[in-house]
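Here's the structure we're looking at; comments come further down.
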Amino acid sequence: MSPHGSAPETPAAAATKSAGRPRKVYRTGAVTTWLRRGSILLTLGSTLALLIGYATLPNEIPIHFNLAGVADGWGPKRYVFVLVGVFGALVFGSAWLSTKPHLFNYPTEITESNAQAIYREGERMVVWAALAISLLTVSFALSTLLALDLAFFNLLMIAALLGATGVGVVRIINAARRLPAP
């Protein structure tokens with residue numbers, strides 16, 4: 001209990017309060033919510049498919065591809081678990097973090113008048129990035145299990161990840177410049 005009789009603050013709440021930032025109060029849009037859920041479901045589905053198909057994999061699998069889509073690095077099939085862990089951590093971590101946009105670092109000052117607009121754009125950026133990573137997870141699962149050449153799709157998803165970040169930063173900066181309605 002605090003000296004004022006209320007429950008103690010969580011570390012995240014204390015960090016936000018010490019940064020002087022307002023809390024998120026807007027309601028997340030349906031599209032953003034469903035994209036977040038979709039990225040989680042795609043990652044779970046890909047992980048499940050890889051775990052089910054693990055026994056059928058050859059003992060050595062490609063673990064790295066050049067820009068032409070040709071395998072240029074090989075490793076034991078147990079590396080599937082490492083890659084699934086990395087992709088899972090990225091997607092699940094991004095999905096969780098996207099619900100806490102007040103904790104992000106932003107390229108602009110957060111004020112009472114621009115906080116909600118900036119938070120919304122920050123949340124959207126992270127959700128779109130998580131979706132691109134989850135689609136890379138699907139690509140990894142398909143190329144590993146079915147020996148498909150998905151180099152173009154992988155490059156497209158990497159471009160989508162970079163694009164989501166770039167567009168997100170621009171939208172955050174623009175949100176900070178918008179003046180509130182009188």
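By order in the structure tokens, chains are A, B, ...; within a chain, residues start at 1; ligands start at 1, following the order shown.
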- request: Write out as a list in words each polymer residue whose atoms come within 9 Å of stretch 76-90 of chain A, counting only C-alpha atoms; drop sequence neighbours fewer than 6 positions from it.
  value: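 My reading of the contact set: Ile40, Thr43, Leu44, Ser46, Thr47, Leu50, Leu51, Tyr54, Leu57, Pro58, Asn59, Glu60, Ile61, Pro62, Ile63, Ala130, Ile133, Ser134, Leu136, Thr137, Phe140, Ala141 and Thr144 of chain A.
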Using the selection just defined, write its residues with C-alpha atoms as a compact mmCIF listing (two decimals), in the first residue's frame.
# COMPACT_ATOMS: atom_id res chain seq x y z
CA ILE A 40 -0.82 -14.65 -33.30
CA THR A 43 2.35 -17.94 -35.78
CA LEU A 44 0.63 -20.59 -33.65
CA SER A 46 2.94 -22.38 -38.32
CA THR A 47 4.53 -23.54 -35.09
CA LEU A 50 6.39 -27.50 -37.82
CA LEU A 51 6.05 -29.51 -34.62
CA TYR A 54 9.26 -32.35 -37.43
CA LEU A 57 12.19 -33.43 -41.85
CA PRO A 58 15.60 -34.50 -43.12
CA ASN A 59 18.39 -34.46 -40.53
CA GLU A 60 19.91 -31.39 -42.20
CA ILE A 61 17.77 -28.46 -43.28
CA PRO A 62 18.50 -25.13 -44.97
CA ILE A 63 18.77 -22.37 -42.38
CA ALA A 130 3.99 -8.27 -36.13
CA ILE A 133 6.86 -11.26 -39.04
CA SER A 134 4.06 -13.81 -38.65
CA LEU A 136 7.59 -14.76 -42.49
CA THR A 137 6.91 -17.52 -39.96
CA PHE A 140 9.51 -20.50 -43.04
CA ALA A 141 7.12 -23.34 -42.15
CA THR A 144 10.82 -26.11 -44.50
- request: Determine which residues of stretch 20-69 of chain A DSSP labels as strand (DSSP E or B) from the backbone of this structure, then write them out as a list in words.
  value: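 Selecting the strand (DSSP E or B) positions of stretch 20-69 of chain A gives Glu60, Ile61, Pro62, Ile63, His64 and Phe65 of chain A.
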field: Distance query A:Arg171 at most 9 Å, only C-alpha atoms, self and fewer than 5 positions along chain excluded, as a list in words
entry: Ile118, Glu121, Gly122, Met125, Gly166 and Ala176 of chain A
message: With only C-alpha atoms as the counted atoms, please give the residues lying no more than 12 Å from A:Val127, apart from itself and same-chain residues fewer than 3 positions off, as a VMD selection string.
response: chain A and resid 28 to 29 31 to 40 90 to 101 120 to 124 130 to 134 160 to 161 164 to 165 168
Kindly save the residues from that selection, with N, CA and C atoms included, as an mmCIF file, in the first residue's frame.
data_model
loop_
_atom_site.group_PDB
_atom_site.id
_atom_site.type_symbol
_atom_site.label_atom_id
_atom_site.label_comp_id
_atom_site.auth_asym_id
_atom_site.auth_seq_id
_atom_site.Cartn_x
_atom_site.Cartn_y
_atom_site.Cartn_z
ATOM 1 N N THR A 28 -9.011 0.683 -29.217
ATOM 2 C CA THR A 28 -8.327 0.146 -30.393
ATOM 3 C C THR A 28 -9.351 -0.249 -31.439
ATOM 4 N N GLY A 29 -9.063 0.092 -32.705
ATOM 5 C CA GLY A 29 -9.972 -0.215 -33.801
ATOM 6 C C GLY A 29 -10.069 -1.705 -34.091
ATOM 7 N N VAL A 31 -9.916 -3.328 -36.965
ATOM 8 C CA VAL A 31 -8.912 -3.834 -37.906
ATOM 9 C C VAL A 31 -7.606 -4.127 -37.173
ATOM 10 N N THR A 32 -7.172 -3.206 -36.344
ATOM 11 C CA THR A 32 -5.931 -3.401 -35.592
ATOM 12 C C THR A 32 -6.058 -4.607 -34.667
ATOM 13 N N THR A 33 -7.191 -4.744 -34.010
ATOM 14 C CA THR A 33 -7.422 -5.878 -33.108
ATOM 15 C C THR A 33 -7.352 -7.192 -33.877
ATOM 16 N N TRP A 34 -8.013 -7.253 -35.025
ATOM 17 C CA TRP A 34 -8.030 -8.499 -35.792
ATOM 18 C C TRP A 34 -6.675 -8.797 -36.438
ATOM 19 N N LEU A 35 -5.949 -7.776 -36.840
ATOM 20 C CA LEU A 35 -4.601 -8.014 -37.366
ATOM 21 C C LEU A 35 -3.687 -8.574 -36.271
ATOM 22 N N ARG A 36 -3.818 -8.061 -35.059
ATOM 23 C CA ARG A 36 -3.038 -8.576 -33.930
ATOM 24 C C ARG A 36 -3.385 -10.044 -33.686
ATOM 25 N N ARG A 37 -4.667 -10.349 -33.628
ATOM 26 C CA ARG A 37 -5.104 -11.732 -33.418
ATOM 27 C C ARG A 37 -4.645 -12.632 -34.561
ATOM 28 N N GLY A 38 -4.769 -12.120 -35.785
ATOM 29 C CA GLY A 38 -4.356 -12.905 -36.949
ATOM 30 C C GLY A 38 -2.878 -13.234 -36.923
ATOM 31 N N SER A 39 -2.044 -12.281 -36.523
ATOM 32 C CA SER A 39 -0.602 -12.553 -36.473
ATOM 33 C C SER A 39 -0.299 -13.631 -35.438
ATOM 34 N N ILE A 40 -1.010 -13.608 -34.325
ATOM 35 C CA ILE A 40 -0.815 -14.648 -33.298
ATOM 36 C C ILE A 40 -1.273 -16.003 -33.819
ATOM 37 N N LEU A 90 9.218 -12.781 -31.217
ATOM 38 C CA LEU A 90 9.005 -11.510 -31.919
ATOM 39 C C LEU A 90 7.517 -11.197 -32.090
ATOM 40 N N VAL A 91 6.750 -12.177 -32.538
ATOM 41 C CA VAL A 91 5.328 -11.934 -32.792
ATOM 42 C C VAL A 91 4.556 -11.744 -31.492
ATOM 43 N N PHE A 92 4.734 -12.672 -30.543
ATOM 44 C CA PHE A 92 3.982 -12.565 -29.287
ATOM 45 C C PHE A 92 4.422 -11.335 -28.493
ATOM 46 N N GLY A 93 5.718 -11.054 -28.493
ATOM 47 C CA GLY A 93 6.209 -9.856 -27.813
ATOM 48 C C GLY A 93 5.670 -8.586 -28.443
ATOM 49 N N SER A 94 5.652 -8.542 -29.774
ATOM 50 C CA SER A 94 5.113 -7.365 -30.473
ATOM 51 C C SER A 94 3.617 -7.214 -30.227
ATOM 52 N N ALA A 95 2.893 -8.333 -30.261
ATOM 53 C CA ALA A 95 1.448 -8.276 -30.024
ATOM 54 C C ALA A 95 1.161 -7.763 -28.611
ATOM 55 N N TRP A 96 1.893 -8.244 -27.637
ATOM 56 C CA TRP A 96 1.696 -7.786 -26.263
ATOM 57 C C TRP A 96 2.084 -6.309 -26.129
ATOM 58 N N LEU A 97 3.263 -5.974 -26.648
ATOM 59 C CA LEU A 97 3.754 -4.607 -26.517
ATOM 60 C C LEU A 97 2.848 -3.607 -27.237
ATOM 61 N N SER A 98 2.230 -4.036 -28.340
ATOM 62 C CA SER A 98 1.375 -3.118 -29.090
ATOM 63 C C SER A 98 0.177 -2.643 -28.265
ATOM 64 N N THR A 99 -0.170 -3.356 -27.214
ATOM 65 C CA THR A 99 -1.282 -2.935 -26.356
ATOM 66 C C THR A 99 -0.847 -1.898 -25.320
ATOM 67 N N LYS A 100 0.439 -1.572 -25.307
ATOM 68 C CA LYS A 100 0.986 -0.622 -24.335
ATOM 69 C C LYS A 100 1.777 0.494 -25.032
ATOM 70 N N PRO A 101 1.130 1.227 -25.934
ATOM 71 C CA PRO A 101 1.859 2.226 -26.715
ATOM 72 C C PRO A 101 2.411 3.389 -25.896
ATOM 73 N N ARG A 120 -2.062 5.713 -30.947
ATOM 74 C CA ARG A 120 -2.807 4.904 -31.921
ATOM 75 C C ARG A 120 -1.908 4.530 -33.109
ATOM 76 N N GLU A 121 -1.145 5.495 -33.601
ATOM 77 C CA GLU A 121 -0.249 5.223 -34.731
ATOM 78 C C GLU A 121 0.890 4.285 -34.325
ATOM 79 N N GLY A 122 1.394 4.443 -33.112
ATOM 80 C CA GLY A 122 2.433 3.537 -32.624
ATOM 81 C C GLY A 122 1.915 2.112 -32.510
ATOM 82 N N GLU A 123 0.712 1.964 -31.995
ATOM 83 C CA GLU A 123 0.099 0.635 -31.879
ATOM 84 C C GLU A 123 -0.083 0.011 -33.255
ATOM 85 N N ARG A 124 -0.606 0.790 -34.195
ATOM 86 C CA ARG A 124 -0.799 0.272 -35.557
ATOM 87 C C ARG A 124 0.521 -0.169 -36.184
ATOM 88 N N ALA A 130 4.214 -6.914 -36.635
ATOM 89 C CA ALA A 130 3.986 -8.275 -36.134
ATOM 90 C C ALA A 130 3.344 -9.150 -37.202
ATOM 91 N N LEU A 131 2.429 -8.583 -37.982
ATOM 92 C CA LEU A 131 1.796 -9.347 -39.054
ATOM 93 C C LEU A 131 2.833 -9.763 -40.101
ATOM 94 N N ALA A 132 3.710 -8.851 -40.487
ATOM 95 C CA ALA A 132 4.759 -9.192 -41.460
ATOM 96 C C ALA A 132 5.668 -10.293 -40.913
ATOM 97 N N ILE A 133 6.014 -10.223 -39.642
ATOM 98 C CA ILE A 133 6.859 -11.264 -39.039
ATOM 99 C C ILE A 133 6.111 -12.596 -38.997
ATOM 100 N N SER A 134 4.821 -12.558 -38.687
ATOM 101 C CA SER A 134 4.055 -13.810 -38.649
ATOM 102 C C SER A 134 3.954 -14.432 -40.046
ATOM 103 N N ALA A 160 7.678 -5.426 -46.398
ATOM 104 C CA ALA A 160 6.477 -5.031 -45.648
ATOM 105 C C ALA A 160 6.833 -4.643 -44.219
ATOM 106 N N LEU A 161 7.742 -5.378 -43.615
ATOM 107 C CA LEU A 161 8.187 -5.056 -42.252
ATOM 108 C C LEU A 161 8.859 -3.680 -42.214
ATOM 109 N N ALA A 164 6.145 -1.039 -42.934
ATOM 110 C CA ALA A 164 5.288 -0.775 -41.769
ATOM 111 C C ALA A 164 5.994 0.141 -40.789
ATOM 112 N N THR A 165 7.281 -0.072 -40.612
ATOM 113 C CA THR A 165 8.043 0.776 -39.697
ATOM 114 C C THR A 165 8.170 2.190 -40.248
ATOM 115 N N GLY A 168 4.802 3.883 -40.341
ATOM 116 C CA GLY A 168 4.404 4.144 -38.962
ATOM 117 C C GLY A 168 5.089 5.357 -38.371
#
- request: Run DSSP on the backbone and give me the residues of chain A it puts in alpha helix (DSSP H), as number ranges by chain.
  value: A: 11-19, 30-53, 79-97, 115-146, 151-177
